[in-house]
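S.K.: Below are the structure tokens for one structure; questions will follow.
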Amino acid sequence: MASGPAGSEGLTLVELLLVLIVIAVLSGTAITLLSSGQKQIAAQEAVQRLMTDLEYAQSDAIVNRSERSVVFDENAESYSVYAGATLLWHPVSKRPFAVALDDLFPGAGLDLVSANFAGSDTLRFDGHGLPVAGGQLQIRGPGASYTIHVAAGTGCVTVSGE
């Protein structure tokens, strides 16, 4: 049985361990990058959902020709939509219209930093769908911060940041 040149019998245990360590480090890095990317996508989705819910409250005020309020709770990281003092039912989930950011995207680390509508944490739309006062919300997620603006004169909802 012929053998090759000296030292070419294969990998040593040390070389094999080094290769496995390199693979483990690269895998860990890839998983970390993917999970942070998922959290950023979750933050973007939460912002889109919030904007949609604000537009729904505005449309519902117009259709029913009565005031709608969106109340933000920074401590609970949540918001709720009301008709007067009555909590509305969500049109899709058929549950009370109270939304906790953590329930929408568990583990995404979303933070409702502030809600300010002329010094109040409540956005009110009159029966014509116009905000009683414009203002803004700030949401922070991993590696991103978003500001949602509600225009005073029109109720137009826009977002800035990333």
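We label chains A, B, ... in the order they appear in the structure tokens, count residues from 1 in each chain, and number ligands from 1 in the order shown.
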Show which residues sit within 12 Å of Val113 of chain A, as a ChimeraX atom specification. Count only C-alpha atoms, and ignore same-chain residues fewer than 3 positions away.
M.R.: /A:72-78,101,109-110,116,121,136-141,145-148
S.K.: Residues at most 9 Å from Thr52 of chain A, counting only C-alpha atoms, excluding those fewer than 5 positions away in the same chain, as an mmCIF file with C-alpha atoms, in the first residue's frame?
M.R.:
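That gives us result_33.cif:
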data_model
loop_
_atom_site.group_PDB
_atom_site.id
_atom_site.type_symbol
_atom_site.label_atom_id
_atom_site.label_comp_id
_atom_site.auth_asym_id
_atom_site.auth_seq_id
_atom_site.Cartn_x
_atom_site.Cartn_y
_atom_site.Cartn_z
ATOM 1 C CA VAL A 47 -45.569 51.379 12.197
ATOM 2 C CA ALA A 57 -60.350 55.701 13.085
ATOM 3 C CA VAL A 157 -50.815 60.390 8.340
#
S.K.: I need the residues in segment 37-135 of chain A that are strand (DSSP E or B) according to DSSP; give them as JSON, numbers by chain.
M.R.: {"A": [68, 69, 70, 71, 72, 73, 78, 79, 80, 81, 82, 83, 86, 87, 89, 96, 98, 99, 100, 111, 112, 113, 114, 115, 116, 117, 120, 122, 123, 124, 125, 131, 135]}
S.K.: Could you tell me which of A:Val150, A:Tyr56, A:Leu130, A:Arg65 comes closest to His90 of chain A if we count only C-alpha atoms?
M.R.: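 Using only C-alpha atoms, His90 of chain A sits closest to A:Tyr56.
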S.K.: What lies within 8 Å of Gln40 of chain A using only C-alpha atoms, ignoring chain neighbours under 6 positions off, as a list in words?
M.R.: Ala108, Gly141, Pro142, Gly143 and Ala144 of chain A
S.K.: Within 7 Å of Ile62 of chain A, counting only C-alpha atoms, which residues show up once you throw out same-chain ones fewer than 4 positions away? Write them as a count of residues only, please.
M.R.: 4
S.K.: Pick from A:Phe125, A:Ala100, A:Glu67, A:Ala133: nearest to Ala85 of chain A, with only C-alpha atoms counted?
M.R.: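 Smallest separation from Ala85 of chain A among the options: A:Glu67.
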